[in-house]
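As stored in upload_30.cif (mmCIF, C-alpha atoms and all ligand atoms):
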data_upload
loop_
_atom_site.label_atom_id
_atom_site.label_comp_id
_atom_site.auth_asym_id
_atom_site.auth_seq_id
_atom_site.Cartn_x
_atom_site.Cartn_y
_atom_site.Cartn_z
CA MET A 1 107.26 91.94 94.99
CA ALA A 2 107.57 88.29 94.12
CA GLY A 3 110.69 86.32 94.93
CA ALA A 4 113.37 85.61 92.36
CA PHE A 5 112.24 83.52 89.45
CA PRO A 6 113.65 80.06 90.14
CA CYS A 7 114.57 79.21 86.54
CA LYS A 8 118.19 79.81 85.66
CA GLY A 9 118.47 83.47 84.57
CA GLY A 10 118.44 83.12 80.82
CA SER A 11 116.65 79.82 80.37
CA ILE A 12 113.88 79.55 77.80
CA TYR A 13 111.63 76.62 78.52
CA THR A 14 110.03 75.20 75.37
CA ILE A 15 107.22 72.73 74.97
CA TYR A 16 105.62 71.37 71.79
CA GLY A 17 102.02 70.28 71.41
CA SER A 18 98.51 71.41 70.63
CA ASN A 19 96.88 71.51 74.07
CA PRO A 20 97.68 75.01 75.40
CA ALA A 21 96.22 74.45 78.90
CA GLU A 22 98.23 71.30 79.49
CA MET A 23 101.37 72.85 78.00
CA ALA A 24 101.05 75.97 80.20
CA GLY A 25 100.76 73.79 83.32
CA LYS A 26 103.81 71.74 82.36
CA LEU A 27 105.91 74.84 81.71
CA LEU A 28 105.00 76.30 85.11
CA GLU A 29 105.73 73.01 86.87
CA ALA A 30 109.08 72.62 85.11
CA GLY A 31 110.10 76.16 86.07
CA ARG A 32 108.87 75.73 89.67
CA VAL A 33 107.20 79.08 89.21
CA ILE A 34 105.09 78.70 92.32
CA ASP A 35 108.27 79.15 94.41
CA ALA A 36 108.43 82.75 93.14
CA ILE A 37 104.85 83.62 94.10
CA PRO A 38 104.21 84.14 97.81
CA PRO A 39 100.81 83.07 99.22
CA GLY A 40 98.33 85.95 98.91
CA ALA A 41 100.28 87.63 96.09
CA HIS A 42 98.23 89.59 93.60
CA ILE A 43 98.83 87.97 90.20
CA SER A 44 97.94 89.74 86.95
CA LEU A 45 97.78 87.87 83.65
CA LYS A 46 98.43 90.08 80.63
CA PRO A 47 97.39 88.37 77.35
CA ASN A 48 97.68 89.95 73.90
CA LEU A 49 94.21 91.12 72.84
CA VAL A 50 95.39 93.82 70.48
CA VAL A 51 92.16 93.38 68.52
CA GLY A 52 88.83 91.65 69.10
CA ARG A 53 89.54 88.32 67.40
CA ALA A 54 89.50 84.66 68.41
CA ALA A 55 92.93 83.11 68.97
CA SER A 56 92.40 80.78 66.00
CA GLY A 57 92.94 83.85 63.76
CA GLY A 58 96.57 84.16 64.86
CA ALA A 59 96.47 87.56 66.58
CA THR A 60 95.42 86.90 70.18
CA THR A 61 96.37 84.68 73.09
CA HIS A 62 94.48 81.39 73.42
CA PRO A 63 92.21 81.52 76.49
CA GLU A 64 93.24 77.91 77.24
CA VAL A 65 96.76 79.19 77.97
CA LEU A 66 95.27 81.29 80.75
CA ALA A 67 93.04 78.40 81.83
CA GLY A 68 96.11 76.19 82.31
CA ILE A 69 97.85 78.92 84.31
CA ILE A 70 94.81 79.58 86.49
CA GLU A 71 94.35 75.86 87.20
CA TYR A 72 98.01 75.67 88.24
CA LEU A 73 97.80 78.75 90.46
CA PHE A 74 94.53 77.66 92.09
CA ALA A 75 95.91 74.16 92.72
CA HIS A 76 98.76 75.81 94.64
CA GLY A 77 96.43 78.05 96.63
CA ARG A 78 97.20 81.26 94.70
CA LYS A 79 93.70 82.57 94.05
CA ASN A 80 94.23 86.33 93.88
CA VAL A 81 94.35 86.42 90.08
CA ASP A 82 93.01 88.87 87.50
CA ILE A 83 93.36 89.55 83.78
CA ILE A 84 94.48 92.96 82.50
CA GLU A 85 94.69 94.32 78.96
CA GLY A 86 94.23 97.42 76.86
CA SER A 87 93.62 96.80 73.15
CA TRP A 88 95.22 99.07 70.61
CA VAL A 89 93.91 102.55 69.86
CA GLY A 90 90.70 102.24 67.89
CA ASP A 91 89.64 98.86 69.31
CA ASP A 92 87.43 98.11 72.29
CA THR A 93 89.05 95.97 75.01
CA VAL A 94 85.70 94.85 76.47
CA ARG A 95 84.66 93.59 73.04
CA ALA A 96 88.06 91.88 72.71
CA PHE A 97 87.52 90.17 76.10
CA ARG A 98 84.18 88.86 74.83
CA VAL A 99 85.21 87.80 71.32
CA SER A 100 88.47 86.15 72.44
CA GLY A 101 86.74 84.01 75.06
CA MET A 102 88.41 85.74 78.03
CA GLU A 103 85.06 86.98 79.36
CA GLU A 104 83.75 83.41 79.52
CA LEU A 105 87.04 82.31 81.09
CA GLY A 106 86.65 84.95 83.80
CA ARG A 107 83.14 83.70 84.55
CA ARG A 108 84.31 80.08 84.66
CA TYR A 109 87.01 80.79 87.25
CA GLY A 110 85.44 83.75 89.05
CA ILE A 111 88.24 86.06 87.88
CA LYS A 112 87.90 89.76 87.16
CA LEU A 113 88.96 91.33 83.88
CA TYR A 114 90.19 94.91 83.77
CA ASP A 115 90.23 97.16 80.73
CA LEU A 116 93.41 99.21 81.17
CA LYS A 117 91.95 101.93 78.95
CA ASP A 118 89.86 102.84 82.03
CA ASP A 119 92.78 102.64 84.46
CA SER A 120 94.69 105.51 86.05
CA SER A 121 98.41 105.75 85.31
CA THR A 122 101.68 106.88 86.83
CA PRO A 123 104.64 108.52 85.05
CA VAL A 124 107.71 106.31 85.40
CA ASP A 125 111.30 107.43 84.71
CA THR A 126 112.96 105.66 81.79
CA PRO A 127 116.07 106.29 79.63
CA ALA A 128 113.72 108.01 77.15
CA GLY A 129 112.04 110.24 79.72
CA LYS A 130 108.86 109.63 81.65
CA ILE A 131 106.36 107.07 80.36
CA ARG A 132 102.88 106.77 81.86
CA VAL A 133 102.14 103.18 82.90
CA CYS A 134 98.74 101.85 84.00
CA ASN A 135 98.56 101.45 87.74
CA ARG A 136 97.04 97.96 87.70
CA ALA A 137 100.07 96.66 85.84
CA LEU A 138 102.47 98.43 88.20
CA ALA A 139 100.62 97.17 91.27
CA ALA A 140 100.77 93.46 90.44
CA ASP A 141 102.94 91.42 92.81
CA PHE A 142 103.47 88.98 89.96
CA LEU A 143 102.93 90.12 86.38
CA LEU A 144 102.70 87.27 83.90
CA SER A 145 102.93 88.42 80.29
CA LEU A 146 101.28 86.18 77.68
CA PRO A 147 102.18 87.41 74.18
CA VAL A 148 101.57 85.64 70.88
CA LEU A 149 104.52 84.68 68.69
CA LYS A 150 103.62 86.57 65.51
CA GLY A 151 104.77 88.88 62.78
CA HIS A 152 104.23 92.63 62.62
CA CYS A 153 103.74 94.68 59.49
CA GLN A 154 105.96 97.52 60.77
CA THR A 155 108.43 96.01 63.27
CA ARG A 156 108.61 92.54 61.53
CA MET A 157 107.84 90.64 64.73
CA THR A 158 106.05 91.21 68.01
CA CYS A 159 106.27 89.12 71.14
CA ALA A 160 107.55 89.66 74.70
CA LEU A 161 108.77 93.28 74.76
CA LYS A 162 105.96 94.74 72.67
CA ASN A 163 103.22 93.01 74.68
CA MET A 164 103.76 95.53 77.48
CA LYS A 165 102.45 98.30 75.22
CA GLY A 166 98.97 97.15 76.22
CA CYS A 167 99.75 98.42 79.75
CA ILE A 168 99.99 102.11 78.85
CA PRO A 169 97.16 104.60 78.26
CA ASP A 170 95.96 105.23 74.69
CA GLY A 171 97.54 108.70 74.72
CA GLU A 172 100.94 107.12 75.36
CA LYS A 173 100.34 104.56 72.61
CA ARG A 174 99.78 107.43 70.17
CA ARG A 175 102.89 109.19 71.46
CA PHE A 176 104.96 106.02 70.97
CA HIS A 177 104.05 106.04 67.28
CA ARG A 178 104.58 109.80 67.00
CA GLU A 179 108.00 109.92 68.71
CA GLY A 180 109.51 106.57 67.75
CA LEU A 181 108.22 103.10 68.45
CA ASP A 182 111.55 101.34 68.86
CA GLU A 183 113.06 103.62 71.47
CA LEU A 184 109.90 103.91 73.54
CA ILE A 185 109.13 100.17 73.53
CA ALA A 186 112.70 99.54 74.73
CA ALA A 187 112.38 102.28 77.36
CA LEU A 188 109.02 100.92 78.55
CA ALA A 189 110.76 97.61 79.21
CA THR A 190 112.83 99.36 81.90
CA ALA A 191 109.69 100.73 83.56
CA LEU A 192 107.52 97.63 83.51
CA VAL A 193 109.25 94.26 83.57
CA PRO A 194 106.97 91.23 83.79
CA HIS A 195 108.16 88.66 86.33
CA LEU A 196 107.62 85.97 83.73
CA THR A 197 106.66 85.71 80.08
CA MET A 198 104.91 82.73 78.54
CA VAL A 199 104.69 82.86 74.74
CA ASP A 200 101.71 81.41 72.88
CA GLY A 201 103.26 79.99 69.73
CA ILE A 202 100.37 77.71 68.82
CA CYS A 203 99.18 79.40 65.62
CA GLY A 204 100.29 83.04 65.40
CA ASP A 205 100.11 84.90 62.09
CA LEU A 206 103.79 85.22 61.17
CA ASP A 207 103.22 88.21 58.87
CA PHE A 208 100.60 90.43 60.45
CA GLU A 209 99.81 91.37 64.05
CA GLU A 210 96.09 91.55 63.31
CA GLY A 211 95.98 87.92 62.23
CA GLY A 212 94.03 86.40 59.38
CA ASN A 213 96.65 83.89 58.25
CA PRO A 214 97.43 81.74 61.30
CA VAL A 215 100.36 79.36 60.92
CA THR A 216 100.42 76.23 63.04
CA ALA A 217 103.69 76.13 65.00
CA ASN A 218 102.40 74.16 68.01
CA ARG A 219 104.84 75.38 70.65
CA MET A 220 104.99 77.52 73.76
CA LEU A 221 107.99 79.21 75.36
CA MET A 222 108.59 80.56 78.85
CA GLY A 223 111.33 82.73 80.28
CA ALA A 224 112.12 85.62 82.56
CA ASP A 225 114.22 87.67 80.12
CA PRO A 226 111.98 89.35 77.51
CA VAL A 227 114.98 90.45 75.41
CA LYS A 228 116.30 86.91 75.19
CA LEU A 229 112.84 85.58 74.41
CA ASP A 230 112.36 88.08 71.58
CA SER A 231 115.84 87.37 70.27
CA HIS A 232 115.09 83.63 70.25
CA VAL A 233 111.72 84.18 68.56
CA CYS A 234 113.49 86.22 65.86
CA SER A 235 115.83 83.34 65.16
CA LEU A 236 112.85 80.96 64.99
CA MET A 237 111.25 83.28 62.43
CA GLY A 238 114.45 83.68 60.41
CA ILE A 239 114.89 87.35 61.34
CA SER A 240 117.99 88.94 62.85
CA PRO A 241 117.19 90.60 66.20
CA LEU A 242 119.15 93.58 64.86
CA GLN A 243 116.36 94.09 62.29
CA VAL A 244 113.91 94.72 65.13
CA GLY A 245 115.06 98.07 66.49
CA TYR A 246 113.72 97.81 70.02
CA ILE A 247 115.46 94.49 70.82
CA PRO A 248 119.11 95.69 70.74
CA LEU A 249 117.98 98.96 72.35
CA ALA A 250 116.37 97.10 75.25
CA GLU A 251 119.61 95.17 75.67
CA ARG A 252 121.52 98.46 75.74
CA TYR A 253 119.15 99.69 78.45
CA GLY A 254 120.03 96.63 80.55
CA VAL A 255 116.65 94.90 80.29
CA GLY A 256 118.13 91.59 79.17
CA GLU A 257 120.47 89.88 76.74
CA THR A 258 120.12 88.99 73.07
CA GLY A 259 122.76 86.24 73.10
CA ILE A 260 121.49 82.67 73.27
CA MET A 261 124.03 80.48 75.06
CA ALA A 262 124.39 76.72 74.85
CA GLY A 263 121.98 75.27 77.36
CA ASP A 264 119.65 78.30 77.41
CA ILE A 265 116.92 76.44 75.51
CA VAL A 266 115.36 73.79 77.73
CA GLU A 267 113.03 71.53 75.74
CA LEU A 268 110.48 69.69 77.83
CA ASN A 269 109.59 67.34 75.00
CA ARG A 270 110.78 66.79 71.49
CA PRO A 271 108.43 65.70 68.74
CA LEU A 272 109.85 64.23 65.55
CA ALA A 273 109.40 67.44 63.55
CA VAL A 274 110.15 70.73 65.30
CA ASP A 275 110.91 72.94 62.31
CA MET A 276 109.47 76.39 62.83
CA PRO A 277 107.41 77.69 59.90
CA ARG A 278 108.69 80.98 58.45
CA PRO A 279 106.83 84.19 57.58
CA SER A 280 105.44 84.11 54.05
CA GLY A 281 106.72 87.61 53.29
CA LYS A 282 103.34 88.44 51.68
CA VAL A 283 102.71 91.49 53.87
CA GLN A 284 106.26 92.78 53.39
CA GLY A 285 105.66 92.47 49.64
CA LEU A 286 102.39 94.37 49.83
CA VAL A 287 103.92 97.30 51.72
CA LYS A 288 107.20 97.57 49.83
CA ASN A 289 106.17 100.93 48.33
CA VAL A 290 104.59 102.30 51.51
CA LYS A 291 106.41 105.34 52.86
CA ALA A 292 105.63 105.02 56.55
CA ASP A 293 106.83 107.60 59.03
CA ARG A 294 105.56 107.06 62.58
CA ALA A 295 102.30 105.45 61.53
CA CYS A 296 99.85 104.32 64.22
CA SER A 297 99.26 100.56 64.37
CA ALA A 298 95.54 100.69 63.55
CA CYS A 299 96.11 103.07 60.62
CA TYR A 300 98.86 100.91 59.15
CA ALA A 301 96.89 97.71 59.70
CA ASN A 302 93.87 99.17 57.88
CA LEU A 303 96.17 100.03 55.00
CA VAL A 304 97.50 96.46 54.93
CA HIS A 305 93.92 95.16 54.78
CA ALA A 306 93.19 97.53 51.90
CA LEU A 307 96.33 96.51 50.02
CA ARG A 308 95.40 92.86 50.43
CA ARG A 309 92.12 93.67 48.70
CA THR A 310 93.53 95.89 45.95
CA GLY A 311 97.24 95.09 45.55
CA ALA A 312 97.63 98.80 44.85
CA GLY A 313 100.88 99.14 46.80
CA LYS A 314 102.78 97.21 44.14
CA SER A 315 102.59 100.01 41.62
CA ARG A 316 102.40 103.31 43.51
CA ALA A 317 103.94 105.02 46.50
CA ILE A 318 101.60 105.39 49.47
CA HIS A 319 102.38 107.70 52.38
CA ILE A 320 101.21 107.16 55.94
CA GLY A 321 102.10 108.34 59.44
CA GLN A 322 102.44 111.25 61.79
CA GLY A 323 105.85 112.16 60.36
CA TRP A 324 104.13 113.48 57.22
CA ARG A 325 101.99 115.99 59.12
CA GLY A 326 102.07 119.51 57.72
CA GLY A 327 104.17 118.57 54.69
CA ARG A 328 103.38 118.52 50.99
CA ILE A 329 103.33 114.99 49.62
CA GLN A 330 103.60 113.97 46.00
CA GLY A 331 101.22 111.10 45.51
CA PHE A 332 98.76 109.24 47.69
CA GLY A 333 98.39 109.70 51.46
CA VAL A 334 96.50 107.69 54.08
CA GLY A 335 94.89 109.41 57.08
CA ASP A 336 94.53 112.96 58.32
CA CYS A 337 98.29 113.19 58.88
CA CYS A 338 98.74 113.10 55.10
CA ARG A 339 96.33 115.92 54.23
CA GLY A 340 99.17 117.52 52.26
CA ALA A 341 99.10 114.69 49.72
CA GLU A 342 97.92 115.19 46.14
CA LYS A 343 95.26 112.62 46.95
CA CYS A 344 94.41 111.71 50.54
CA VAL A 345 91.91 109.42 52.20
CA SER A 346 90.87 111.23 55.38
CA GLY A 347 90.17 109.73 58.80
CA CYS A 348 92.12 109.07 61.97
CA PRO A 349 92.45 106.26 61.25
CA PRO A 350 90.57 105.86 57.96
CA THR A 351 88.78 102.54 57.60
CA ALA A 352 90.15 99.83 55.34
CA LEU A 353 87.03 100.24 53.18
CA ASP A 354 87.64 103.98 52.78
CA ILE A 355 91.21 103.26 51.73
CA VAL A 356 90.07 100.57 49.25
CA GLU A 357 87.61 103.01 47.68
CA ALA A 358 90.17 105.81 47.54
CA LEU A 359 92.66 103.50 45.89
CA GLY A 360 90.01 102.64 43.34
CA GLY A 361 89.60 99.01 44.47
S1 LIG A 401 95.93 109.58 60.63
FE1 LIG A 401 96.74 107.56 61.10
S2 LIG A 401 98.91 107.86 61.57
FE2 LIG A 401 97.89 109.86 61.69
S3 LIG A 401 97.37 110.07 63.88
FE3 LIG A 401 95.56 109.26 62.82
S4 LIG A 401 95.75 107.03 63.07
FE4 LIG A 401 97.79 107.90 63.50
#
So that I can check it, write out the structure of this file as structure tokens.
Amino acid sequence: MAGAFPCKGGSIYTIYGSNPAEMAGKLLEAGRVIDAIPPGAHISLKPNLVVGRAASGGATTHPEVLAGIIEYLFAHGRKNVDIIEGSWVGDDTVRAFRVSGMEELGRRYGIKLYDLKDDSSTPVDTPAGKIRVCNRALAADFLLSLPVLKGHCQTRMTCALKNMKGCIPDGEKRRFHREGLDELIAALATALVPHLTMVDGICGDLDFEEGGNPVTANRMLMGADPVKLDSHVCSLMGISPLQVGYIPLAERYGVGETGIMAGDIVELNRPLAVDMPRPSGKVQGLVKNVKADRACSACYANLVHALRRTGAGKSRAIHIGQGWRGGRIQGFGVGDCCRGAEKCVSGCPPTALDIVEALGG
């Protein structure tokens, strides 16, 4: 295991700018992170590559963030570095590595990339029972989580805590959605705690985890407490942390603290304008009539894409999710779980195009 992170427990280091590599290096220097990483330590970088998209779309981590980190680590003689990720169910991590620029980054620095969908896993005890966690993530001497500051169509926001969901097998990801996302994300945080989290807040999509409407915010954050980071990101986005179920739960499980104390936010620079843009609320408006009950991310995201095309959710109730399985549903259903609906678009998940056609778009 790495040594204690040298930053004061709850500090959140913040830097503003538009050069992610330089900003990442400055954050690491300011936090004296190298003091926490013994020579020879095995360091795993865990970006957010939930889908195969370039970072400019607002869904995935900028490869330059990783470039800045790798340059810093190499300069300090820490060369045992790899990149780990497992995209969401229904997407191909290897394709995401390629499209996001991580594959090229790996070639440039001679670093290996590992698709956690191919990894073995170990059941770990948590307050919500055993959760299987990928062994490569568990084995890292220093796990550096690199989420994107962005919105989420179901949980409102996604950042530090939820980024660890990429370190569990696909079967567990499905189970999370089936049995309750909030409790299991919070429980996972007790089983797999990154040593450090650096947040890419350059241009995340503040409404939708799959991106498409990036919003320039030009900032990066770094801290050791993922609960505090998520709580702070909520306040930046104008959301109460209490509206994001897994954040207070993770605090209850002892993962970290939601309270931001005076002096917790350490700004390394201060441009003239630092106002954080807010979510547009467009996605929340589109899904206001969606009756979701334990819907998988890819299924729900395809529905959001379809609603963007058709606007159909404004005038009719649409059902989606594993909670509807086996029941009779009055109205429209999305996916095989909603076969009991009067009208259902089949698939697991159905494509956005199928949903558009079924909605009559
Ligand atoms: S139909 Fe949709 S919600 Fe149901 S299991 Fe398949 S992907 Fe998940």
Selection as an MDAnalysis selection string: residues within 6 Å of ligand LIG 401 (chain A) by only C-alpha atoms and all ligand atoms
chainID A and resid 295:296 299 321:322 335:337 348:349
Calculated over all atoms listed in the file, which of the candidates A:Arg325, A:Lys112, A:Arg156, A:Arg316 has the smallest distance to A:Gly281?
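Checking each of A:Arg325, A:Lys112, A:Arg156, A:Arg316 against A:Gly281, counting all atoms listed in the file, the winner is A:Arg156.
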Non-local contacts of A:Ile320 (12 Å; all atoms listed in the file; under 6 positions in same chain excluded) as a ChimeraX atom specification:
/A:154,177-178,287,289-304,327,329,331-341,344-350,355
For a quick check of understanding, using only C-alpha atoms, which of A:Gly171, A:Pro20, A:Gly106, A:Gly238 has the smallest distance to A:Cys134?
A:Gly171
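Near A:Gly17, within 8 Å and counting only C-alpha atoms, sit Met23, Asn218 and Arg219 of chain A, not including residues fewer than 4 positions from it in the same chain.
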Next, dump the selected residues to file, keeping only C-alpha atoms, as a PDB file, keeping the file's coordinate frame.
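Saved to part11.pdb:
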ATOM      1  CA  MET A  23     101.370  72.850  78.000  1.00  0.00           C
ATOM      2  CA  ASN A 218     102.400  74.160  68.010  1.00  0.00           C
ATOM      3  CA  ARG A 219     104.840  75.380  70.650  1.00  0.00           C
TER       4      ARG A 219
END
Stretch 140-153 of chain A surroundings by only C-alpha atoms, 7 Å radius, close-in-sequence under 5 positions cut, as number ranges by chain:
A: 1-2, 37, 41-48, 59-61, 158-160, 163, 194-201, 204-209, 283-284
Applying 8 Å and only C-alpha atoms, which residues near A:Met237 remain after dropping the ones on its own chain fewer than 5 positions away? List them as a ChimeraX atom specification.
/A:206,276-279
Include C-alpha atoms and write out the residues we just selected as a short mmCIF file (atom, residue, chain, number, x, y, z; two decimals), in the frame of the given file.
data_model
loop_
_atom_site.label_atom_id
_atom_site.label_comp_id
_atom_site.auth_asym_id
_atom_site.auth_seq_id
_atom_site.Cartn_x
_atom_site.Cartn_y
_atom_site.Cartn_z
CA LEU A 206 103.79 85.22 61.17
CA MET A 276 109.47 76.39 62.83
CA PRO A 277 107.41 77.69 59.90
CA ARG A 278 108.69 80.98 58.45
CA PRO A 279 106.83 84.19 57.58
#
